[in-house]
$ cat upload.csv   # CSV, C-alpha atoms
chain,number,residue,atom,x,y,z
R,1,MET,CA,106.4,61.1,56.3
R,2,ASP,CA,108.8,58.2,56.1
R,3,HIS,CA,111.7,58.2,53.7
R,4,PRO,CA,111.3,55.9,50.7
R,5,ASP,CA,113.9,53.4,51.9
R,6,THR,CA,111.6,50.5,52.7
R,7,PRO,CA,113.0,47.1,51.5
R,8,PRO,CA,110.9,44.9,49.3
R,9,ASP,CA,110.5,42.3,52.1
R,10,ALA,CA,109.4,44.8,54.8
R,11,PHE,CA,106.3,44.2,56.9
R,12,PRO,CA,102.9,45.0,55.4
R,13,PRO,CA,101.1,47.6,57.5
R,14,LEU,CA,98.4,45.3,58.8
R,15,LEU,CA,100.6,42.4,59.8
R,16,GLY,CA,103.1,42.7,62.6
R,17,PRO,CA,106.5,40.8,62.8
R,18,ALA,CA,105.4,38.1,65.2
R,19,ALA,CA,102.3,37.3,63.1
R,20,LEU,CA,104.4,37.2,59.9
R,21,VAL,CA,106.9,34.8,61.5
R,22,VAL,CA,104.2,32.5,62.7
R,23,ALA,CA,102.6,32.6,59.3
R,24,SER,CA,105.8,31.8,57.5
R,25,LEU,CA,106.6,28.9,59.8
R,26,ALA,CA,103.1,27.5,59.5
R,27,THR,CA,103.4,27.6,55.7
R,28,ALA,CA,106.9,26.1,55.8
R,29,VAL,CA,105.7,23.2,57.9
R,30,LEU,CA,102.9,22.4,55.5
R,31,VAL,CA,105.0,22.6,52.3
R,32,GLY,CA,107.5,20.1,51.0
R,33,CYS,CA,107.5,17.8,54.0
R,34,ASP,CA,105.9,14.8,52.3
R,35,ASP,CA,109.1,14.0,50.4
R,36,PHE,CA,111.5,14.7,53.3
R,37,ASP,CA,112.9,12.0,55.4
R,38,PRO,CA,114.6,13.7,58.4
R,39,ALA,CA,117.5,12.0,60.1
R,40,ALA,CA,116.5,9.7,63.0
R,41,VAL,CA,116.5,11.1,66.5
R,42,ASN,CA,119.2,9.0,68.1
R,43,PHE,CA,119.3,10.6,71.5
R,44,THR,CA,117.1,10.8,74.6
R,45,GLN,CA,117.0,12.9,77.8
R,46,ASP,CA,119.2,10.4,79.4
R,47,ASP,CA,122.0,11.7,77.2
R,48,VAL,CA,121.7,15.2,78.6
R,49,VAL,CA,124.6,16.2,80.9
R,50,ALA,CA,124.4,18.8,83.7
R,51,VAL,CA,127.3,21.3,83.6
R,52,GLY,CA,126.9,23.7,86.4
R,53,ASP,CA,123.6,25.6,85.8
R,54,VAL,CA,123.3,24.5,82.1
R,55,ARG,CA,122.5,21.2,80.4
R,56,THR,CA,124.4,19.9,77.4
R,57,LEU,CA,123.6,17.3,74.7
R,58,ASP,CA,125.7,16.0,71.8
R,59,VAL,CA,123.8,15.9,68.5
R,60,GLN,CA,125.5,14.8,65.3
R,61,GLY,CA,128.8,15.8,66.9
R,62,ARG,CA,127.6,19.3,67.9
R,63,THR,CA,127.0,20.4,71.5
R,64,PHE,CA,123.6,21.9,72.3
R,65,THR,CA,123.3,23.8,75.5
R,66,SER,CA,120.4,25.2,77.5
R,67,LEU,CA,120.5,28.7,79.0
R,68,PRO,CA,121.3,28.9,82.8
R,69,GLU,CA,118.2,28.0,84.8
R,70,ASN,CA,118.8,30.8,87.2
R,71,GLY,CA,119.1,34.5,86.1
R,72,PRO,CA,122.2,36.5,87.0
R,73,VAL,CA,122.6,38.1,90.4
R,74,VAL,CA,121.9,41.8,90.0
R,75,ASN,CA,121.8,44.7,92.6
R,76,PRO,CA,118.1,45.4,92.8
R,77,LEU,CA,118.6,49.1,93.5
R,78,GLU,CA,120.8,49.6,90.4
R,79,ALA,CA,118.3,47.6,88.3
R,80,ALA,CA,115.3,49.6,89.4
R,81,LEU,CA,117.2,52.8,88.6
R,82,GLY,CA,118.3,51.4,85.3
R,83,ARG,CA,114.7,50.6,84.4
R,84,ASP,CA,113.7,54.2,84.9
R,85,LEU,CA,116.7,55.4,82.8
R,86,PHE,CA,115.9,52.8,80.1
R,87,TRP,CA,112.4,54.3,79.6
R,88,ASP,CA,113.3,57.9,80.2
R,89,PRO,CA,113.8,60.2,77.1
R,90,ILE,CA,115.9,62.5,79.3
R,91,LEU,CA,118.9,60.6,78.0
R,92,SER,CA,118.4,61.9,74.4
R,93,GLY,CA,119.4,65.2,73.0
R,94,ASN,CA,115.9,66.4,72.2
R,95,ARG,CA,114.3,64.6,75.1
R,96,ASP,CA,112.2,62.5,72.7
R,97,VAL,CA,114.0,59.1,72.4
R,98,ALA,CA,114.6,56.6,75.2
R,99,CYS,CA,116.5,53.3,75.1
R,100,ALA,CA,113.1,51.6,75.1
R,101,THR,CA,112.1,53.4,71.9
R,102,CYS,CA,114.0,50.8,69.9
R,103,HIS,CA,113.8,48.0,72.5
R,104,LEU,CA,110.1,47.3,73.3
R,105,PRO,CA,108.6,44.4,75.1
R,106,GLU,CA,106.0,43.6,72.4
R,107,HIS,CA,108.9,43.1,69.9
R,108,GLY,CA,111.0,41.0,72.2
R,109,TYR,CA,112.9,44.2,73.2
R,110,THR,CA,113.6,45.1,69.5
R,111,ASP,CA,111.4,47.5,67.6
R,112,GLY,CA,109.8,45.7,64.6
R,113,GLN,CA,111.7,48.0,62.2
R,114,PHE,CA,114.1,46.7,59.5
R,115,ARG,CA,116.4,49.5,60.6
R,116,SER,CA,115.6,51.5,63.8
R,117,ILE,CA,114.2,55.0,63.9
R,118,GLY,CA,115.7,57.2,66.6
R,119,VAL,CA,115.8,61.0,66.8
R,120,GLY,CA,113.2,62.8,64.8
R,121,GLY,CA,110.9,59.8,64.5
R,122,SER,CA,107.3,59.5,65.8
R,123,GLY,CA,105.1,56.6,66.8
R,124,ARG,CA,105.8,53.3,68.5
R,125,GLY,CA,107.5,50.1,67.4
R,126,ALA,CA,106.5,48.8,64.0
R,127,ASN,CA,104.3,51.8,63.5
R,128,ARG,CA,107.1,54.3,64.1
R,129,VAL,CA,108.0,56.6,61.1
R,130,VAL,CA,111.0,58.7,60.2
R,131,GLY,CA,110.9,62.4,60.8
R,132,HIS,CA,113.6,64.9,60.0
R,133,THR,CA,116.5,62.4,60.1
R,134,ARG,CA,117.1,59.1,58.4
R,135,ARG,CA,117.0,55.6,60.0
R,136,VAL,CA,119.7,54.2,62.1
R,137,PRO,CA,122.1,52.2,59.9
R,138,ARG,CA,121.3,48.8,61.5
R,139,ASN,CA,118.6,46.6,62.8
R,140,ALA,CA,118.0,46.8,66.6
R,141,GLN,CA,119.1,43.6,68.3
R,142,SER,CA,117.2,42.3,71.3
R,143,VAL,CA,118.5,43.1,74.8
R,144,LEU,CA,116.8,40.0,76.2
R,145,ASN,CA,119.5,37.6,77.5
R,146,THR,CA,122.3,40.1,77.0
R,147,ALA,CA,123.3,39.1,80.6
R,148,TRP,CA,124.8,36.0,79.0
R,149,GLN,CA,126.4,37.7,75.9
R,150,GLY,CA,129.6,35.8,75.0
R,151,ILE,CA,128.5,32.5,76.8
R,152,ASP,CA,130.1,29.4,75.4
R,153,VAL,CA,128.8,25.8,74.9
R,154,LEU,CA,129.7,24.9,78.5
R,155,GLY,CA,128.0,27.8,80.0
R,156,ASN,CA,131.1,29.9,80.7
R,157,VAL,CA,130.6,33.6,80.4
R,158,ASP,CA,132.8,36.6,81.3
R,159,PRO,CA,130.8,39.9,81.3
R,160,THR,CA,134.0,41.9,81.1
R,161,THR,CA,134.7,40.6,77.6
R,162,ALA,CA,131.2,40.2,76.3
R,163,PRO,CA,131.1,41.4,72.6
R,164,MET,CA,128.4,43.9,71.8
R,165,PHE,CA,126.7,45.3,68.6
R,166,TRP,CA,126.7,43.8,65.2
R,167,ASP,CA,130.4,44.5,64.7
R,168,ASN,CA,131.6,43.6,68.3
R,169,ARG,CA,133.0,47.1,68.5
R,170,VAL,CA,132.7,47.3,72.3
R,171,THR,CA,132.8,44.9,75.2
R,172,THR,CA,130.7,44.8,78.4
R,173,LEU,CA,127.1,45.6,78.7
R,174,GLU,CA,128.0,48.8,80.6
R,175,ALA,CA,129.9,50.1,77.6
R,176,GLN,CA,127.2,49.1,75.2
R,177,ALA,CA,124.5,51.0,77.2
R,178,LEU,CA,126.2,54.3,76.7
R,179,GLU,CA,126.8,54.1,73.0
R,180,PRO,CA,123.3,55.0,71.8
R,181,ILE,CA,123.4,58.2,73.8
R,182,ARG,CA,126.5,59.2,71.8
R,183,SER,CA,125.0,58.2,68.4
R,184,ARG,CA,123.6,61.1,66.3
R,185,GLU,CA,121.0,58.9,64.6
R,186,GLU,CA,119.9,57.0,67.8
R,187,MET,CA,119.6,59.5,70.7
R,188,ARG,CA,122.1,62.4,70.5
R,189,GLY,CA,120.7,64.3,67.5
R,190,ASP,CA,122.3,67.4,66.0
R,191,ASN,CA,122.4,69.9,68.9
R,192,PHE,CA,125.3,68.3,70.8
R,193,THR,CA,128.7,66.9,70.1
R,194,VAL,CA,129.5,63.6,71.8
R,195,ALA,CA,131.4,65.3,74.6
R,196,GLN,CA,128.6,67.8,75.1
R,197,MET,CA,126.0,65.1,75.1
R,198,GLU,CA,127.8,63.1,77.8
R,199,ALA,CA,128.0,66.2,80.0
R,200,GLU,CA,124.4,67.2,79.2
R,201,VAL,CA,123.0,63.9,80.3
R,202,VAL,CA,124.9,64.0,83.6
R,203,ASN,CA,123.9,67.6,84.3
R,204,ARG,CA,120.2,66.9,83.5
R,205,LEU,CA,120.1,63.9,85.9
R,206,ASN,CA,121.9,65.8,88.7
R,207,GLY,CA,119.3,68.4,88.4
R,208,ILE,CA,116.4,66.0,89.0
R,209,ALA,CA,115.9,65.4,92.8
R,210,ALA,CA,114.4,62.0,92.3
R,211,TYR,CA,117.4,60.8,90.3
R,212,SER,CA,119.9,62.3,92.7
R,213,THR,CA,118.3,60.4,95.5
R,214,ALA,CA,118.1,57.1,93.5
R,215,PHE,CA,121.7,57.3,92.3
R,216,ASN,CA,123.0,58.0,95.8
R,217,THR,CA,121.0,55.1,97.2
R,218,ALA,CA,122.1,52.7,94.5
R,219,PHE,CA,125.8,53.7,94.4
R,220,GLY,CA,126.4,55.5,97.7
R,221,SER,CA,128.0,58.5,96.1
R,222,ALA,CA,127.2,61.9,94.6
R,223,PRO,CA,127.1,63.6,92.2
R,224,ILE,CA,125.9,61.3,89.3
R,225,THR,CA,128.5,60.1,86.8
R,226,LEU,CA,128.2,58.8,83.3
R,227,GLU,CA,129.8,55.5,84.5
R,228,GLN,CA,127.0,55.1,87.0
R,229,VAL,CA,124.4,55.6,84.2
R,230,GLY,CA,126.0,52.8,82.2
R,231,ARG,CA,126.1,50.5,85.3
R,232,ALA,CA,122.4,51.1,86.1
R,233,LEU,CA,121.3,50.5,82.5
R,234,ALA,CA,123.4,47.3,82.4
R,235,ALA,CA,121.9,46.1,85.7
R,236,PHE,CA,118.4,46.5,84.4
R,237,GLN,CA,119.2,44.8,81.1
R,238,ARG,CA,120.6,41.8,83.0
R,239,THR,CA,117.1,41.3,84.5
R,240,LEU,CA,115.6,40.8,81.1
R,241,VAL,CA,115.9,37.1,80.6
R,242,ALA,CA,114.0,34.6,78.6
R,243,ASN,CA,115.5,31.2,79.7
R,244,ASN,CA,112.4,28.9,79.8
R,245,ALA,CA,111.8,28.1,76.2
R,246,PRO,CA,110.6,24.6,75.2
R,247,PHE,CA,114.2,23.6,74.4
R,248,ASP,CA,115.4,24.7,77.8
R,249,ARG,CA,112.6,22.8,79.6
R,250,TRP,CA,113.2,19.7,77.5
R,251,MET,CA,116.9,19.8,78.4
R,252,ARG,CA,116.0,20.1,82.1
R,253,GLY,CA,113.9,17.0,81.9
R,254,GLU,CA,110.4,17.9,80.8
R,255,PRO,CA,109.7,15.1,78.3
R,256,ASN,CA,106.9,16.7,76.2
R,257,ALA,CA,108.3,20.2,76.1
R,258,MET,CA,109.4,19.7,72.5
R,259,THR,CA,107.4,18.1,69.8
R,260,PRO,CA,108.7,15.2,67.7
R,261,ASN,CA,109.1,17.5,64.8
R,262,GLN,CA,111.2,19.9,66.9
R,263,LEU,CA,113.4,17.1,68.0
R,264,SER,CA,113.9,16.0,64.4
R,265,GLY,CA,114.6,19.7,63.5
R,266,MET,CA,117.3,19.8,66.1
R,267,VAL,CA,119.0,16.9,64.3
R,268,GLU,CA,118.7,18.6,60.9
R,269,PHE,CA,120.0,21.9,62.5
R,270,ALA,CA,123.1,20.0,63.5
R,271,ALA,CA,123.5,18.0,60.3
R,272,SER,CA,123.1,21.0,58.1
R,273,GLY,CA,125.9,22.8,59.8
R,274,CYS,CA,123.7,25.5,61.4
R,275,ALA,CA,125.1,24.7,64.8
R,276,ASP,CA,128.7,25.3,63.6
R,277,CYS,CA,128.0,29.1,64.0
R,278,HIS,CA,124.8,29.1,66.0
R,279,SER,CA,126.1,27.4,69.1
R,280,GLY,CA,126.0,27.7,72.8
R,281,PRO,CA,123.0,28.6,75.0
R,282,LEU,CA,122.3,31.8,72.9
R,283,PHE,CA,122.7,29.8,69.6
R,284,SER,CA,125.5,32.2,68.6
R,285,ASP,CA,129.3,31.8,68.6
R,286,HIS,CA,129.5,35.6,68.9
R,287,GLN,CA,132.0,35.7,66.0
R,288,LEU,CA,132.2,38.0,63.1
R,289,ARG,CA,131.4,36.3,59.8
R,290,VAL,CA,131.1,37.4,56.1
R,291,LEU,CA,127.8,36.2,54.6
R,292,GLY,CA,127.6,38.5,51.6
R,293,VAL,CA,124.0,39.4,52.5
R,294,ARG,CA,122.6,42.2,50.2
R,295,GLU,CA,123.1,45.8,51.3
R,296,GLY,CA,120.5,47.5,53.5
R,297,GLN,CA,118.1,49.8,51.7
R,298,GLY,CA,118.5,53.6,51.8
R,299,LEU,CA,122.0,53.8,53.2
R,300,ALA,CA,124.1,56.8,52.3
R,301,GLN,CA,127.1,54.4,52.0
R,302,PRO,CA,127.6,50.7,52.3
R,303,ASP,CA,127.7,49.2,55.8
R,304,ASP,CA,131.0,47.4,56.0
R,305,GLY,CA,130.5,46.0,59.4
R,306,ASP,CA,133.8,45.6,61.1
R,307,GLY,CA,135.6,47.0,58.1
R,308,ASN,CA,135.5,43.7,56.2
R,309,PHE,CA,131.7,43.4,55.8
R,310,ALA,CA,131.7,40.9,58.7
R,311,PHE,CA,128.9,40.9,61.2
R,312,ARG,CA,128.3,39.0,64.4
R,313,THR,CA,126.4,35.8,64.4
R,314,PRO,CA,123.0,36.7,65.9
R,315,SER,CA,121.2,34.8,68.6
R,316,LEU,CA,118.4,32.5,67.3
R,317,ARG,CA,116.4,32.9,70.5
R,318,GLN,CA,113.0,34.7,70.5
R,319,LEU,CA,112.7,34.8,66.7
R,320,ASP,CA,108.9,34.9,67.0
R,321,PHE,CA,109.2,38.4,68.4
R,322,THR,CA,112.4,39.9,66.9
R,323,GLY,CA,112.0,40.2,63.1
R,324,PRO,CA,113.0,41.5,60.6
R,325,PHE,CA,116.3,39.6,60.5
R,326,PHE,CA,120.0,40.2,59.6
R,327,HIS,CA,122.0,43.3,60.4
R,328,ALA,CA,119.8,45.7,58.2
R,329,GLY,CA,116.5,43.7,58.5
R,330,GLN,CA,117.0,42.4,55.0
R,331,PHE,CA,114.5,39.6,55.6
R,332,ALA,CA,111.0,40.1,57.0
R,333,THR,CA,110.3,36.5,57.9
R,334,LEU,CA,112.1,33.5,59.4
R,335,GLY,CA,111.3,31.5,56.3
R,336,GLN,CA,113.1,34.0,54.1
R,337,ALA,CA,116.0,34.1,56.5
R,338,VAL,CA,116.4,30.3,56.3
R,339,ASP,CA,116.0,30.3,52.5
R,340,PHE,CA,119.0,32.7,52.3
R,341,TYR,CA,121.3,29.8,53.2
R,342,ASP,CA,119.9,27.5,50.6
R,343,GLU,CA,122.7,26.6,48.2
R,344,ARG,CA,124.5,29.8,49.1
R,345,ARG,CA,127.6,29.8,46.9
R,346,SER,CA,127.9,33.4,45.8
R,347,SER,CA,127.6,36.9,47.4
R,348,ASP,CA,124.5,39.0,47.2
R,349,ASN,CA,126.5,42.1,48.1
R,350,PRO,CA,128.3,43.9,45.3
R,351,ASN,CA,131.0,45.0,47.8
R,352,VAL,CA,131.8,41.4,48.9
R,353,PRO,CA,133.4,39.0,46.4
R,354,SER,CA,132.2,35.5,46.6
R,355,SER,CA,135.7,34.4,47.4
R,356,ALA,CA,135.5,36.3,50.7
R,357,LEU,CA,132.4,34.4,52.0
R,358,ASP,CA,132.8,32.5,55.3
R,359,PRO,CA,133.8,28.9,54.7
R,360,GLU,CA,131.1,27.6,57.1
R,361,LEU,CA,128.4,29.3,54.9
R,362,LEU,CA,129.6,27.5,51.8
R,363,GLN,CA,129.2,24.2,53.5
R,364,VAL,CA,125.5,24.6,54.3
R,365,PRO,CA,123.6,22.0,52.2
R,366,GLU,CA,120.5,22.9,50.2
R,367,MET,CA,117.2,23.3,52.1
R,368,GLU,CA,114.8,21.8,49.7
R,369,ASP,CA,112.4,18.9,50.4
R,370,GLY,CA,111.4,20.1,53.9
R,371,ARG,CA,114.8,20.4,55.5
R,372,GLY,CA,114.4,24.2,56.0
R,373,ALA,CA,110.8,23.7,57.3
R,374,ILE,CA,111.8,21.3,60.0
R,375,ILE,CA,114.7,23.4,61.1
R,376,ALA,CA,112.4,26.3,61.4
R,377,ASP,CA,110.1,24.1,63.5
R,378,PHE,CA,113.1,23.5,65.9
R,379,LEU,CA,113.8,27.3,66.0
R,380,ARG,CA,110.3,27.8,67.4
R,381,ALA,CA,111.4,25.8,70.4
R,382,LEU,CA,113.8,28.6,71.3
R,383,ASN,CA,111.0,31.1,72.0
R,384,ASP,CA,110.1,31.9,75.6
R,385,PRO,CA,107.1,34.2,75.7
R,386,GLY,CA,107.3,34.5,79.5
R,387,PHE,CA,109.7,37.4,79.7
R,388,ASP,CA,109.1,40.6,81.6
R,389,ARG,CA,106.9,43.0,79.5
R,390,SER,CA,106.1,45.5,82.2
R,391,GLU,CA,106.5,49.3,81.5
R,392,PRO,CA,106.7,52.2,84.0
R,393,ALA,CA,103.7,54.5,84.0
R,394,THR,CA,106.0,57.4,84.8
R,395,VAL,CA,109.7,58.3,84.9
R,396,PRO,CA,111.5,60.7,87.2
R,397,SER,CA,112.0,63.4,84.5
R,398,GLY,CA,108.2,63.7,84.0
R,399,LEU,CA,108.6,63.0,80.3
R,400,SER,CA,106.5,60.4,78.5
R,401,PRO,CA,108.0,56.9,79.0
R,402,GLY,CA,109.6,55.8,75.8
R,403,GLY,CA,109.2,59.2,74.2
R,404,PHE,CA,106.1,58.2,72.3
$ encode --input "upload.csv" --output "structure tokens"
Amino acid sequence: MDHPDTPPDAFPPLLGPAALVVASLATAVLVGCDDFDPAAVNFTQDDVVAVGDVRTLDVQGRTFTSLPENGPVVNPLEAALGRDLFWDPILSGNRDVACATCHLPEHGYTDGQFRSIGVGGSGRGANRVVGHTRRVPRNAQSVLNTAWQGIDVLGNVDPTTAPMFWDNRVTTLEAQALEPIRSREEMRGDNFTVAQMEAEVVNRLNGIAAYSTAFNTAFGSAPITLEQVGRALAAFQRTLVANNAPFDRWMRGEPNAMTPNQLSGMVEFAASGCADCHSGPLFSDHQLRVLGVREGQGLAQPDDGDGNFAFRTPSLRQLDFTGPFFHAGQFATLGQAVDFYDERRSSDNPNVPSSALDPELLQVPEMEDGRGAIIADFLRALNDPGFDRSEPATVPSGLSPGGF
């Protein structure tokens, strides 16, 4: 039985996150637009500039950038090994949770939960319920496009300094991949200390012939090390790209890839100041910002983010798949998330004084008269449904893939 910590905006049981987002957007587009006169679209595809493997466009003084057209170069042997590890519960203390448990294809490689359910839970995705432990403190972010984490408006990216997690507490995808294994709520459980868990994972993998062979083939050395586990998981995650959204296709020259409403929404997105924080190909500046969003439900203590209640600006890509939104899933639908910014002048969090709110937040204008609806229409142009959704039928440990 789940703990009674469901927030008031959580998903109803018969309507999944993608359906709710589509429904909220459809409602938003129909309401309030008659009195709204969006700013004119004063750019064309002729204004798009190629910068290496990305395309840039100036809109209202802000730079919009497509994702790289080509995915990152990845060692295929490491990526194939990482895929097995990603789905294999052998990496968890009780052998019942995999990385994929909280990062599923049908949810855009999130889990459909407002806050994730790791060790002790049962079920899959949005239907997963808490068991003997409580939820993970934060919402699971998508691992789609994490190959480009930290990318700037000109397409520059340094994987050695890429910020990870809601509080940017580690850098590099390799380092991020190992942190859930160390986390009590996510994968470690109560039977091991962090040091014991690290040693246990390595010992387990070295004891499975198929893994010993695969690691030796991929890395050319034995025995298996924890560093190699992180490298393999990171290699697989770098293959998970969604870089062919309507926005990307329009920027690359496809004239009808975006609708007139979406093009107008891009103007309003810039004019409203959204692009001041949601910039670059991932529509995130990767910076920590204090928004004063209300506390997550059911937490034993307040989540203070980086120590100052600041959290990283999330990507706006794949929002049709990745709700609920914000660091503790405070908002079930995209419409609610957009509404949060409407005339935001005070904090919703009792631990955050209004004087501490990010200055950029305070400059966002009101969203009435259809402005929020047309911005939401533009955000739909950032969804690429063509990402890899394949799952392995088996994993080398012989356990059930995903731990379900």
$ closest_residue --input "upload.csv" --among "R:Pro255, R:Gly108, R:Gly123, R:Gly280" --to "Asn383 of chain R" --atoms "only C-alpha atoms"
R:Gly108
$ closest_residue --input "upload.csv" --among "R:Gln237, R:Thr213, R:Thr394, R:Thr171" --to "Ser142 of chain R" --atoms "all atoms listed in the file"
R:Gln237
$ closest_atom_pairs --input "upload.csv" --of "segment 245-299 of chain R" --to "segment 325-349 of chain R" --cutoff "12 Å" --atoms "only C-alpha atoms" --output "JSON lines"
{"residue": "R:Phe269", "atom": "CA", "partner": "R:Val338", "partner_atom": "CA", "distance": 11.0}
{"residue": "R:Ser272", "atom": "CA", "partner": "R:Tyr341", "partner_atom": "CA", "distance": 10.2}
{"residue": "R:Gly273", "atom": "CA", "partner": "R:Tyr341", "partner_atom": "CA", "distance": 10.7}
{"residue": "R:Cys274", "atom": "CA", "partner": "R:Tyr341", "partner_atom": "CA", "distance": 9.6}
{"residue": "R:Leu288", "atom": "CA", "partner": "R:His327", "partner_atom": "CA", "distance": 11.8}
{"residue": "R:Arg289", "atom": "CA", "partner": "R:His327", "partner_atom": "CA", "distance": 11.7}
{"residue": "R:Val290", "atom": "CA", "partner": "R:Ser347", "partner_atom": "CA", "distance": 9.4}
{"residue": "R:Leu291", "atom": "CA", "partner": "R:Ser347", "partner_atom": "CA", "distance": 7.2}
{"residue": "R:Gly292", "atom": "CA", "partner": "R:Ser347", "partner_atom": "CA", "distance": 4.5}
{"residue": "R:Val293", "atom": "CA", "partner": "R:Asp348", "partner_atom": "CA", "distance": 5.3}
{"residue": "R:Arg294", "atom": "CA", "partner": "R:Asn349", "partner_atom": "CA", "distance": 4.4}
{"residue": "R:Glu295", "atom": "CA", "partner": "R:Asn349", "partner_atom": "CA", "distance": 6.0}
{"residue": "R:Gly296", "atom": "CA", "partner": "R:Ala328", "partner_atom": "CA", "distance": 5.1}
{"residue": "R:Gln297", "atom": "CA", "partner": "R:Ala328", "partner_atom": "CA", "distance": 7.9}
{"residue": "R:Gly298", "atom": "CA", "partner": "R:Ala328", "partner_atom": "CA", "distance": 10.2}
{"residue": "R:Leu299", "atom": "CA", "partner": "R:Ala328", "partner_atom": "CA", "distance": 9.8}
$ residues_near_point --input "upload.csv" --point "(106.8, 59.2, 78.3)" --cutoff "9 Å" --atoms "all atoms listed in the file" --output "PyMOL selection string"
chain R and resi 87-89+96+98+393-395+398-404
$ residues_around --input "upload.csv" --residues "segment 50-56 of chain R" --least-positions-apart "4" --cutoff "9 Å" --atoms "all atoms listed in the file" --output "PyMOL selection string"
chain R and resi 63-70+153-155+248+251-252+281
$ write_last_selection --input "upload.csv" --atoms "C-alpha atoms" --output "mmCIF file, in the coordinates of the input"
data_model
loop_
_atom_site.group_PDB
_atom_site.id
_atom_site.type_symbol
_atom_site.label_atom_id
_atom_site.label_comp_id
_atom_site.auth_asym_id
_atom_site.auth_seq_id
_atom_site.Cartn_x
_atom_site.Cartn_y
_atom_site.Cartn_z
ATOM 1 C CA THR R 63 127.000 20.400 71.500
ATOM 2 C CA PHE R 64 123.600 21.900 72.300
ATOM 3 C CA THR R 65 123.300 23.800 75.500
ATOM 4 C CA SER R 66 120.400 25.200 77.500
ATOM 5 C CA LEU R 67 120.500 28.700 79.000
ATOM 6 C CA PRO R 68 121.300 28.900 82.800
ATOM 7 C CA GLU R 69 118.200 28.000 84.800
ATOM 8 C CA ASN R 70 118.800 30.800 87.200
ATOM 9 C CA VAL R 153 128.800 25.800 74.900
ATOM 10 C CA LEU R 154 129.700 24.900 78.500
ATOM 11 C CA GLY R 155 128.000 27.800 80.000
ATOM 12 C CA ASP R 248 115.400 24.700 77.800
ATOM 13 C CA MET R 251 116.900 19.800 78.400
ATOM 14 C CA ARG R 252 116.000 20.100 82.100
ATOM 15 C CA PRO R 281 123.000 28.600 75.000
#
$ closest_residue --input "upload.csv" --among "R:Phe43, R:Gln149, R:Asp303, R:Asn75" --to "Asn168 of chain R" --atoms "all atoms listed in the file"
R:Gln149
$ atom_distance --input "upload.csv" --atom1 "atom CA of Gln262 of chain R" --atom2 "atom CA of Gln113 of chain R"
28.5 Å
$ residues_around --input "upload.csv" --residues "Ala300 of chain R" --least-positions-apart "4" --cutoff "12 Å" --atoms "only C-alpha atoms" --output "MDAnalysis selection string"
chainID R and resid 5 134:137 295:296
$ write_last_selection --input "upload.csv" --atoms "C-alpha atoms" --output "short mmCIF file (atom, residue, chain, number, x, y, z; two decimals), keeping the file's coordinate frame"
data_model
loop_
_atom_site.label_atom_id
_atom_site.label_comp_id
_atom_site.auth_asym_id
_atom_site.auth_seq_id
_atom_site.Cartn_x
_atom_site.Cartn_y
_atom_site.Cartn_z
CA ASP R 5 113.90 53.40 51.90
CA ARG R 134 117.10 59.10 58.40
CA ARG R 135 117.00 55.60 60.00
CA VAL R 136 119.70 54.20 62.10
CA PRO R 137 122.10 52.20 59.90
CA GLU R 295 123.10 45.80 51.30
CA GLY R 296 120.50 47.50 53.50
#
$ closest_residue --input "upload.csv" --among "R:Cys102, R:Ala80, R:Ile374, R:Met258" --to "Ala214 of chain R" --atoms "all atoms listed in the file"
R:Ala80
$ atom_distance --input "upload.csv" --atom1 "atom CA of Phe236 of chain R" --atom2 "atom CA of Trp250 of chain R"
28.2 Å
$ closest_residue --input "upload.csv" --among "R:Arg138, R:Arg182, R:His107, R:Arg380" --to "Val194 of chain R" --atoms "only C-alpha atoms"
R:Arg182
$ closest_residue --input "upload.csv" --among "R:Pro105, R:Pro365, R:Gly112, R:Gly121" --to "Ser390 of chain R" --atoms "all atoms listed in the file"
R:Pro105
$ atom_distance --input "upload.csv" --atom1 "atom CA of Met187 of chain R" --atom2 "atom CA of Ile208 of chain R"
19.7 Å
$ residues_near_point --input "upload.csv" --point "(107.7, 50.8, 67.7)" --cutoff "9 Å" --atoms "all atoms listed in the file" --output "MDAnalysis selection string"
chainID R and resid 101:104 106:107 110:113 116:117 122:129 404
$ residues_around --input "upload.csv" --residues "Arg204 of chain R" --least-positions-apart "5" --cutoff "10 Å" --atoms "only C-alpha atoms" --output "PyMOL selection string"
chain R and resi 90-91+199+211+224+397
$ residues_around --input "upload.csv" --residues "Val202 of chain R" --least-positions-apart "5" --cutoff "9 Å" --atoms "all atoms listed in the file" --output "PyMOL selection string"
chain R and resi 91+197+207+223-226+229
